[in-house]
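Okay, so here's the structure we're looking at.
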Amino acid sequence: MTVALASGRVAVGRGLWLAPLLLGATILAGTAIGETRLPFTVVLRTLANHLWGAGYPVDGIEAGIIWSYRLPRAIVAACCGAGLALTGVVLQALLRNPLADPYLMGLSAGASTGAVLVAVAGIGGGVVSMSLGALCGALLAFGCVVLLAHAVSGGTGGGRATQAAAAIILAGIAGSQMFNALTAFTIARSANAEQARGIMFWLMGNLSGIRWEDVGACLLVSLAGIALCLWHRRGLDAFTFGADGAAALGINVPALRGSLITATAIMVGVLVSKVGAIGFVGLVVPHAMRFLVGTRHDRLVPASALAGAVFLVAADVISRILVPGQVLPIGVVTALVGAPAFALILIRGARR
Amino acid sequence: MKIEVRMLSARVHRTPLLKDISACVESGEFFGLIGPNGSGKSTLMRCLAGLQRPVSGRILADGADLSTMPARSRARRIAFVEQQADTTDRLSVRDAVALGRTPYLSPLRGWGADDDAAVTGALRAVEMTAFADRLWHTLSGGERQRVHIARALAQDPDLLLLDEPTNHLDIRHQLSLLALVRALPITRVVALHDLNQAAACDRIGVVLGGRLVATGCPHEVLTETLLADVFGVAALRHPAPDGSPQLHFSHAL
Ligand SMILES: Nc1ncnc2c1ncn2[C@@H]1O[C@H](COP(=O)(O)OP(=O)(O)O)[C@@H](O)[C@H]1O
Ligand SMILES: [Mg+2]
């Protein structure tokens with residue numbers, strides 16, 4: 001028994017050393033692979049030039065592709081993957097629902113509506129960017145969902161916190177449907193065919209517009225998210241037997257739930273505003289990691305963040321090279337890989 | 001821990017569930033709560049655990065008001081085993097019991113040797129040591145119940161609240177669990193269904209329609225008239241060989 005426990009810890013300890021290596025290798029692959037074939041040496045030289053001024057002679061256009069286009073894109077993909085996976089971990093733990101994911105809370109629907117209103121209906125008069133519109137939309141939709149859930153569960157009165165968790169899921173579904181309808185309505189009314197195609201592309205996730213100025217915000221929210229989740233790892237564990245169980249273990253349930261869900265809403269809002277709605281990462285990655293490292297959040301949080309990051313960088317690479325001459329929306333790739341993976345996890349779980 | 005309930009009332013969605021309950025449980029006492037289904041036992045337990053805020057009245061734990069006590073320090077003194085609590089998580093028995101150490105841990109204070117000792121001791125107390133590495137979903141109902149109690153014991157509480165702990169248990173485990181609870185040196189409040197088991201408590205309280213209608217020693221409280229009035233059953237009472245009242249139920253009234 002102790003041997004099994006100890007060896008489990010050793011394995012995780014080793015994994016921790018591998019994690020940055022794995023992440024670095026994936027980001028390097030994301031930088032090296034793309035539509036334009038560039039020799040690996042050119043990639044390494046460009047990175048060396050920028051990182052420590054090595055001064056290798058490289059072609060300016062190639063260096064531009066690598067440094068200004070692919071590297072920030074890979075970093076933002078990693079941040080989004082980590083952030084979305086973490087949001088799934090947090091929502092699944094706090095709401096005690098295996099189907100909870102960022103988009104269930106209306107976040108993506110709201111972001112899409114915000115972006116579409118700015119881009120197509122011209123709200124904001126050109127001053128408000130599509131990203132800001134998406135962020136506002138995400139937070140607005142999230143606010144609506146929380147208010148609705150609050151009204152449905154009759155406030156905090158009654159103390160039946162489990163009921164509140166069910167209410168927020170139902171409210172999320174209602175909110176998502178309404179905001180999706182608003183998006184469809186706006187597109188149908190105001191967009192021409194070309195615009196509509198562009199919007200659909202964005203709704204499924206799109207990293208092609210990412211430049212260095214987007215990296216800071218994404219890096220900040222995802223690192224802050226990881227830190228916050230790790231800080232509250234025991235609080236998340238305490239929800240194993242429901243919200244009342246957590247309260248009996250000394251967790252201030254409304255405060256922890258409120259702060260963590262709001263934090264993840266802001267995180268997803270920022271990420272979605274940069275890259276659009278990328279599905280399946282928040283749902284699948286936490287479940288897959290529970291099978292690999294167990295349900296305890298001291299391992300689950302870092303494992304999910306890492307796996308989400310690696311998965312999304314890989315999905316981005318695939319989306320760029322799968323169909324020659326064309327970039328697929330990254331959400332298409334995550335869903336095509338994610339749905340069968342999810343099915344496999346469920347089947348294997350049932351067999352164990 | 002001495003626990004004092006003064007004029008406690010509680011409601012859910014404007015439905016009053018508890019009305020003007022006053023009671024006192026002395027330090028180290030084994031207090032049984034009985035009453036028919038829906039009488040308010042679980043609601044009272046939830047109030048005592050600090051999970052439900054009363055609309056009026058107070059609960060004093062060693063003189064300190066429960067409603068102003070921070071959740072963390074409350075959880076170090078009061079452990080609660082709910083009537084039903086389940087999970088779909090695939091966690092091991094040991095990890096489930098380890099949750100009981102939550103109020104003693106903080107983001108910066110990690111798991112220590114004393115936490116390990118508390119978990120091992122709790123597992124041993126409920127005879128679940130051999131199950132430590134089993135996964136939760138492979139346990140039977142009675143085994144789960146014993147793990148819940150181990151988790152509560154790992155909290156190292158001064159007051160243990162058990163809501164119908166002998167549900168799902170076979171007779172041997174019912175008796176061994178009650179023997180375990182009876183031997184604990186801390187204050188215990190236990191909601192019980194089996195009235196003969198309630199007879200083994202130091203004192204019992206009878207809940208009916210959200211009110212505490214009787215409290216006292218089992219032989220004072222468990223009278224044939226009270227059983228007819230509260231539970232609606234015809235009962236005969238004989239003294240058991242050890243002198244405690246032994247009930248025999250013949251039919252519903
Ligand atoms: N959330 C709730 N909303 C409305 N009524 C409730 C709620 N929870 C419990 N009740 C009612 O309160 C009464 C007391 O319930 P409970 O304390 O669980 O009884 P017991 O544990 O004695 O069987 C029951 O009639 C039950 O139907
Ligand atoms: Mg009950």
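Labels for the structure tokens follow display order: chains A, B, ..., residues from 1 in each chain, ligands from 1.
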key: Exercise answer, 10 Å around ligand 1 with only C-alpha atoms and all ligand atoms, as an MDAnalysis selection string   = (chainID A and resid 157:161 163) or (chainID B and resid 10:18 33:47 83 163:164 191:193 207:210)
task = DSSP on the backbone, then: every residue of range 107-222 of chain B marked alpha helix (DSSP H), written as number ranges by chain.
result = B: 113-125, 141-154, 171-183, 195-198, 218-221
inquiry  = Counting only C-alpha atoms, a student should be able to say which residues of chain A come within 8 Å of chain B; what is the right answer, written as a list in words?
reply    =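 Within 8 Å of chain B on chain A, we get Met1, Gly154, Gly157, Gly158, Gly159, Leu230, Trp231, His232, Arg233, Arg234, Gly235, Asp237, Ala238, Thr240, Phe241, Gly242, Asp244, Gly245, Ala247, Ala248, Leu249, Gly250, Ile251, Asn252, Gly294 and Thr295 of chain A.
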message = So that I can check the surroundings of Arg211 in chain A, please list as a ChimeraX atom specification every protein, DNA and RNA residue that reaches within 8 Å of it, counting only C-alpha atoms and ignoring chain neighbours fewer than 3 positions away.
response = /A:68-69,72-73,214-215
Would you save the residues of that selection, restricted to N, CA and C atoms, as a tab-separated table (two decimals), in the first residue's frame?
```
chain	number	residue	atom	x	y	z
A	68	SER	N	7.59	36.31	-35.71
A	68	SER	CA	6.44	37.20	-35.50
A	68	SER	C	5.12	36.48	-35.68
A	69	TYR	N	5.15	35.33	-36.32
A	69	TYR	CA	3.88	34.70	-36.64
A	69	TYR	C	3.71	33.38	-35.91
A	72	PRO	N	4.51	33.42	-31.47
A	72	PRO	CA	3.41	33.93	-30.62
A	72	PRO	C	2.15	33.08	-30.74
A	73	ARG	N	1.91	32.57	-31.94
A	73	ARG	CA	0.73	31.74	-32.15
A	73	ARG	C	0.81	30.47	-31.30
A	214	ASP	N	-0.70	40.08	-28.41
A	214	ASP	CA	-1.76	39.29	-27.77
A	214	ASP	C	-1.20	38.35	-26.70
A	215	VAL	N	0.11	38.13	-26.74
A	215	VAL	CA	0.70	37.09	-25.88
A	215	VAL	C	0.60	37.46	-24.41
```
ask   = In Å to one decimal, how far is CA of His168 in chain B from CA of Asp116 in chain B?
value =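 Taking CA of Asp116 in chain B as the start and CA of His168 in chain B as the end point, the length is 28.3 Å.
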request  = Would you mind telling me which residue in B:Arg211, B:His248, B:Glu127, B:Cys201 lies nearest to Thr223 in chain B when using only C-alpha atoms?
outcome  =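 So, comparing all the options, the nearest one is B:His248.
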key: Of the listed residues A:Val270, A:Ala166, A:Val89, A:Ile210, that which approaches Leu139 in chain A most closely, counting only C-alpha atoms   =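 Smallest distance to Leu139 in chain A is found for A:Val270.
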query = Between CA of Arg296 in chain A and CA of Thr129 in chain B, what is the spacing in Å?
reply =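 So the two atoms, CA of Thr129 in chain B and CA of Arg296 in chain A, lie 20.6 Å apart.
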ask   = So how many Å separate CA of Thr113 in chain A and CA of Phe342 in chain A, to one decimal?
value =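 A separation of 28.0 Å between them.
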Write out as a compact mmCIF listing (two decimals) with C-alpha atoms, in the first residue's frame the residues lying within 12 Å of Pro239 in chain B, counting only C-alpha atoms and excluding same-chain residues fewer than 3 positions away.
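What ended up in result.txt:
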```txt
# COMPACT_ATOMS: atom_id res chain seq x y z
CA ASN B 196 -33.83 -0.35 20.32
CA ALA B 199 -32.14 2.82 23.88
CA PRO B 218 -34.15 6.22 27.16
CA HIS B 219 -36.18 4.50 29.85
CA LEU B 222 -39.33 5.42 25.27
CA LEU B 236 -44.52 -3.56 24.32
CA ASP B 242 -28.86 -5.49 31.27
CA GLY B 243 -31.83 -3.44 32.51
CA SER B 244 -32.22 -1.18 29.45
CA PRO B 245 -35.69 -1.03 27.87
CA GLN B 246 -36.29 -3.52 25.10
CA LEU B 247 -39.09 -2.72 22.63
CA HIS B 248 -41.30 -5.11 20.77
```
query = For ligand 2, which residue out of B:Ile171, B:Leu162, B:Ala214, B:Ala198 is the nearest one, using only C-alpha atoms and all ligand atoms?
reply =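 Residue with the minimum atom-to-atom distance to ligand 2: B:Leu162.
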If we count only C-alpha atoms, what is near range 344-349 of chain A at a cut-off of 12 Å, once residues fewer than 3 positions away on the same chain are taken out, given as an mmCIF file with all heavy atoms, in the first residue's frame?
```cif
data_model
loop_
_atom_site.group_PDB
_atom_site.id
_atom_site.type_symbol
_atom_site.label_atom_id
_atom_site.label_comp_id
_atom_site.auth_asym_id
_atom_site.auth_seq_id
_atom_site.Cartn_x
_atom_site.Cartn_y
_atom_site.Cartn_z
ATOM 1 N N PRO A 98 -20.068 16.129 -14.503
ATOM 2 C CA PRO A 98 -18.993 15.753 -15.427
ATOM 3 C C PRO A 98 -19.124 16.424 -16.788
ATOM 4 O O PRO A 98 -18.175 16.391 -17.573
ATOM 5 C CB PRO A 98 -19.148 14.231 -15.551
ATOM 6 C CG PRO A 98 -20.540 13.950 -15.147
ATOM 7 C CD PRO A 98 -20.926 14.993 -14.157
ATOM 8 N N LEU A 283 -13.675 20.150 -21.830
ATOM 9 C CA LEU A 283 -14.450 18.979 -21.433
ATOM 10 C C LEU A 283 -13.585 17.725 -21.356
ATOM 11 O O LEU A 283 -13.610 16.980 -20.378
ATOM 12 C CB LEU A 283 -15.582 18.772 -22.446
ATOM 13 C CG LEU A 283 -16.525 17.604 -22.170
ATOM 14 C CD1 LEU A 283 -17.277 17.831 -20.864
ATOM 15 C CD2 LEU A 283 -17.502 17.439 -23.309
ATOM 16 N N VAL A 284 -12.765 17.512 -22.410
ATOM 17 C CA VAL A 284 -12.082 16.227 -22.556
ATOM 18 C C VAL A 284 -10.818 16.140 -21.711
ATOM 19 O O VAL A 284 -10.575 15.128 -21.048
ATOM 20 C CB VAL A 284 -11.750 15.970 -24.040
ATOM 21 C CG1 VAL A 284 -10.917 14.715 -24.178
ATOM 22 C CG2 VAL A 284 -13.024 15.845 -24.839
ATOM 23 N N VAL A 285 -10.009 17.200 -21.741
ATOM 24 C CA VAL A 285 -8.695 17.113 -21.102
ATOM 25 C C VAL A 285 -8.798 16.776 -19.608
ATOM 26 O O VAL A 285 -8.096 15.876 -19.138
ATOM 27 C CB VAL A 285 -7.882 18.400 -21.357
ATOM 28 C CG1 VAL A 285 -6.637 18.432 -20.509
ATOM 29 C CG2 VAL A 285 -7.534 18.493 -22.827
ATOM 30 N N PRO A 286 -9.680 17.446 -18.833
ATOM 31 C CA PRO A 286 -9.742 17.075 -17.408
ATOM 32 C C PRO A 286 -10.132 15.606 -17.195
ATOM 33 O O PRO A 286 -9.561 14.935 -16.329
ATOM 34 C CB PRO A 286 -10.817 18.011 -16.842
ATOM 35 C CG PRO A 286 -10.862 19.153 -17.774
ATOM 36 C CD PRO A 286 -10.542 18.604 -19.134
ATOM 37 N N HIS A 287 -11.077 15.109 -17.991
ATOM 38 C CA HIS A 287 -11.460 13.703 -17.829
ATOM 39 C C HIS A 287 -10.299 12.775 -18.154
ATOM 40 O O HIS A 287 -10.040 11.812 -17.429
ATOM 41 C CB HIS A 287 -12.651 13.378 -18.736
ATOM 42 C CG HIS A 287 -13.947 13.909 -18.207
ATOM 43 N ND1 HIS A 287 -14.486 13.492 -17.016
ATOM 44 C CD2 HIS A 287 -14.790 14.845 -18.678
ATOM 45 C CE1 HIS A 287 -15.616 14.138 -16.788
ATOM 46 N NE2 HIS A 287 -15.831 14.966 -17.786
ATOM 47 N N ALA A 288 -9.600 13.070 -19.243
ATOM 48 C CA ALA A 288 -8.460 12.227 -19.616
ATOM 49 C C ALA A 288 -7.418 12.241 -18.507
ATOM 50 O O ALA A 288 -6.865 11.195 -18.141
ATOM 51 C CB ALA A 288 -7.856 12.729 -20.921
ATOM 52 N N MET A 289 -7.172 13.421 -17.928
ATOM 53 C CA MET A 289 -6.132 13.513 -16.899
ATOM 54 C C MET A 289 -6.548 12.824 -15.609
ATOM 55 O O MET A 289 -5.704 12.294 -14.894
ATOM 56 C CB MET A 289 -5.795 14.983 -16.638
ATOM 57 C CG MET A 289 -5.010 15.609 -17.754
ATOM 58 S SD MET A 289 -3.475 14.689 -18.087
ATOM 59 C CE MET A 289 -3.826 14.018 -19.676
ATOM 60 N N ARG A 290 -7.859 12.805 -15.312
ATOM 61 C CA ARG A 290 -8.298 12.073 -14.126
ATOM 62 C C ARG A 290 -7.942 10.604 -14.248
ATOM 63 O O ARG A 290 -7.602 9.956 -13.264
ATOM 64 C CB ARG A 290 -9.802 12.229 -13.924
ATOM 65 C CG ARG A 290 -10.131 13.521 -13.237
ATOM 66 C CD ARG A 290 -11.556 13.591 -12.751
ATOM 67 N NE ARG A 290 -11.839 14.995 -12.502
ATOM 68 C CZ ARG A 290 -12.451 15.789 -13.361
ATOM 69 N NH1 ARG A 290 -12.904 15.302 -14.486
ATOM 70 N NH2 ARG A 290 -12.602 17.053 -13.089
ATOM 71 N N PHE A 291 -8.007 10.072 -15.461
ATOM 72 C CA PHE A 291 -7.633 8.670 -15.645
ATOM 73 C C PHE A 291 -6.142 8.469 -15.453
ATOM 74 O O PHE A 291 -5.696 7.457 -14.964
ATOM 75 C CB PHE A 291 -8.055 8.182 -17.026
ATOM 76 C CG PHE A 291 -9.474 7.757 -17.049
ATOM 77 C CD1 PHE A 291 -10.454 8.626 -17.463
ATOM 78 C CD2 PHE A 291 -9.839 6.491 -16.613
ATOM 79 C CE1 PHE A 291 -11.777 8.247 -17.458
ATOM 80 C CE2 PHE A 291 -11.166 6.109 -16.597
ATOM 81 C CZ PHE A 291 -12.137 6.989 -17.018
ATOM 82 N N LEU A 292 -5.359 9.455 -15.863
ATOM 83 C CA LEU A 292 -3.908 9.291 -15.784
ATOM 84 C C LEU A 292 -3.360 9.578 -14.400
ATOM 85 O O LEU A 292 -2.516 8.850 -13.907
ATOM 86 C CB LEU A 292 -3.229 10.211 -16.804
ATOM 87 C CG LEU A 292 -3.320 9.744 -18.249
ATOM 88 C CD1 LEU A 292 -2.581 10.704 -19.152
ATOM 89 C CD2 LEU A 292 -2.743 8.351 -18.388
ATOM 90 N N VAL A 337 -10.720 15.302 -32.990
ATOM 91 C CA VAL A 337 -9.870 14.463 -32.149
ATOM 92 C C VAL A 337 -10.553 14.215 -30.812
ATOM 93 O O VAL A 337 -10.512 13.112 -30.264
ATOM 94 C CB VAL A 337 -8.492 15.129 -31.925
ATOM 95 C CG1 VAL A 337 -7.631 14.279 -31.003
ATOM 96 C CG2 VAL A 337 -7.809 15.345 -33.254
ATOM 97 N N GLY A 338 -11.186 15.267 -30.282
ATOM 98 C CA GLY A 338 -11.719 15.211 -28.925
ATOM 99 C C GLY A 338 -12.894 14.273 -28.765
ATOM 100 O O GLY A 338 -12.970 13.538 -27.778
ATOM 101 N N ALA A 339 -13.803 14.293 -29.730
ATOM 102 C CA ALA A 339 -15.014 13.473 -29.563
ATOM 103 C C ALA A 339 -14.687 11.985 -29.498
ATOM 104 O O ALA A 339 -15.126 11.303 -28.562
ATOM 105 C CB ALA A 339 -16.003 13.772 -30.689
ATOM 106 N N PRO A 340 -13.893 11.441 -30.461
ATOM 107 C CA PRO A 340 -13.533 10.015 -30.330
ATOM 108 C C PRO A 340 -12.719 9.738 -29.075
ATOM 109 O O PRO A 340 -12.920 8.699 -28.419
ATOM 110 C CB PRO A 340 -12.691 9.736 -31.578
ATOM 111 C CG PRO A 340 -12.982 10.839 -32.509
ATOM 112 C CD PRO A 340 -13.355 12.021 -31.686
ATOM 113 N N ALA A 341 -11.818 10.661 -28.714
ATOM 114 C CA ALA A 341 -11.010 10.460 -27.510
ATOM 115 C C ALA A 341 -11.912 10.365 -26.295
ATOM 116 O O ALA A 341 -11.719 9.515 -25.417
ATOM 117 C CB ALA A 341 -10.012 11.611 -27.332
ATOM 118 N N ARG A 352 -13.160 -0.626 -16.555
ATOM 119 C CA ARG A 352 -12.271 -0.814 -15.427
ATOM 120 C C ARG A 352 -12.968 -1.316 -14.202
ATOM 121 O O ARG A 352 -14.057 -0.862 -13.901
ATOM 122 C CB ARG A 352 -11.583 0.520 -15.100
ATOM 123 C CG ARG A 352 -10.204 0.527 -15.689
ATOM 124 C CD ARG A 352 -9.296 1.486 -14.965
ATOM 125 N NE ARG A 352 -8.617 2.367 -15.910
ATOM 126 C CZ ARG A 352 -7.811 3.342 -15.565
ATOM 127 N NH1 ARG A 352 -7.593 3.604 -14.307
ATOM 128 N NH2 ARG A 352 -7.239 4.071 -16.454
ATOM 129 N N THR B 88 -19.012 10.485 -7.917
ATOM 130 C CA THR B 88 -18.692 9.696 -9.106
ATOM 131 C C THR B 88 -17.191 9.701 -9.355
ATOM 132 O O THR B 88 -16.715 9.081 -10.293
ATOM 133 C CB THR B 88 -19.403 10.263 -10.352
ATOM 134 O OG1 THR B 88 -19.111 11.656 -10.422
ATOM 135 C CG2 THR B 88 -20.897 10.078 -10.257
ATOM 136 N N ASP B 89 -16.450 10.425 -8.508
ATOM 137 C CA ASP B 89 -14.996 10.473 -8.667
ATOM 138 C C ASP B 89 -14.384 9.111 -8.377
ATOM 139 O O ASP B 89 -14.860 8.384 -7.509
ATOM 140 C CB ASP B 89 -14.392 11.501 -7.699
ATOM 141 C CG ASP B 89 -14.614 12.916 -8.189
ATOM 142 O OD1 ASP B 89 -15.196 13.079 -9.270
ATOM 143 O OD2 ASP B 89 -14.202 13.846 -7.485
ATOM 144 N N ARG B 90 -13.308 8.805 -9.099
ATOM 145 C CA ARG B 90 -12.621 7.534 -8.864
ATOM 146 C C ARG B 90 -11.507 7.748 -7.860
ATOM 147 O O ARG B 90 -10.347 7.790 -8.220
ATOM 148 C CB ARG B 90 -12.034 7.028 -10.172
ATOM 149 C CG ARG B 90 -13.049 6.920 -11.293
ATOM 150 C CD ARG B 90 -12.335 6.786 -12.596
ATOM 151 N NE ARG B 90 -11.501 5.624 -12.601
ATOM 152 C CZ ARG B 90 -11.945 4.401 -12.880
ATOM 153 N NH1 ARG B 90 -13.179 4.219 -13.216
ATOM 154 N NH2 ARG B 90 -11.126 3.393 -12.854
ATOM 155 N N HIS B 137 -15.909 3.526 -5.949
ATOM 156 C CA HIS B 137 -17.083 2.952 -6.600
ATOM 157 C C HIS B 137 -17.116 1.426 -6.521
ATOM 158 O O HIS B 137 -18.098 0.819 -6.912
ATOM 159 C CB HIS B 137 -17.181 3.424 -8.053
ATOM 160 C CG HIS B 137 -16.128 2.851 -8.944
ATOM 161 N ND1 HIS B 137 -14.915 3.461 -9.153
ATOM 162 C CD2 HIS B 137 -16.087 1.726 -9.673
ATOM 163 C CE1 HIS B 137 -14.200 2.729 -9.963
ATOM 164 N NE2 HIS B 137 -14.881 1.671 -10.300
#
```
query = range 322-335 of chain A: which residues within 8 Å, counting only C-alpha atoms, same-chain residues fewer than 5 positions away excluded, as a list in words?
reply = Glu35, Phe201, Trp202, Met204, Gly205, Asn206, Leu207, Ala277, Ile278, Gly279, Phe280, Val281, Leu312, Ala315 and Asp316 of chain A
message = Residues of range 33-202 of chain B classed as strand (DSSP E or B) by DSSP on the backbone are to be reported as a PyMOL selection string.
response = chain B and resi 33-34+56-61+64-65+78-81+92+135+159-163+187-191
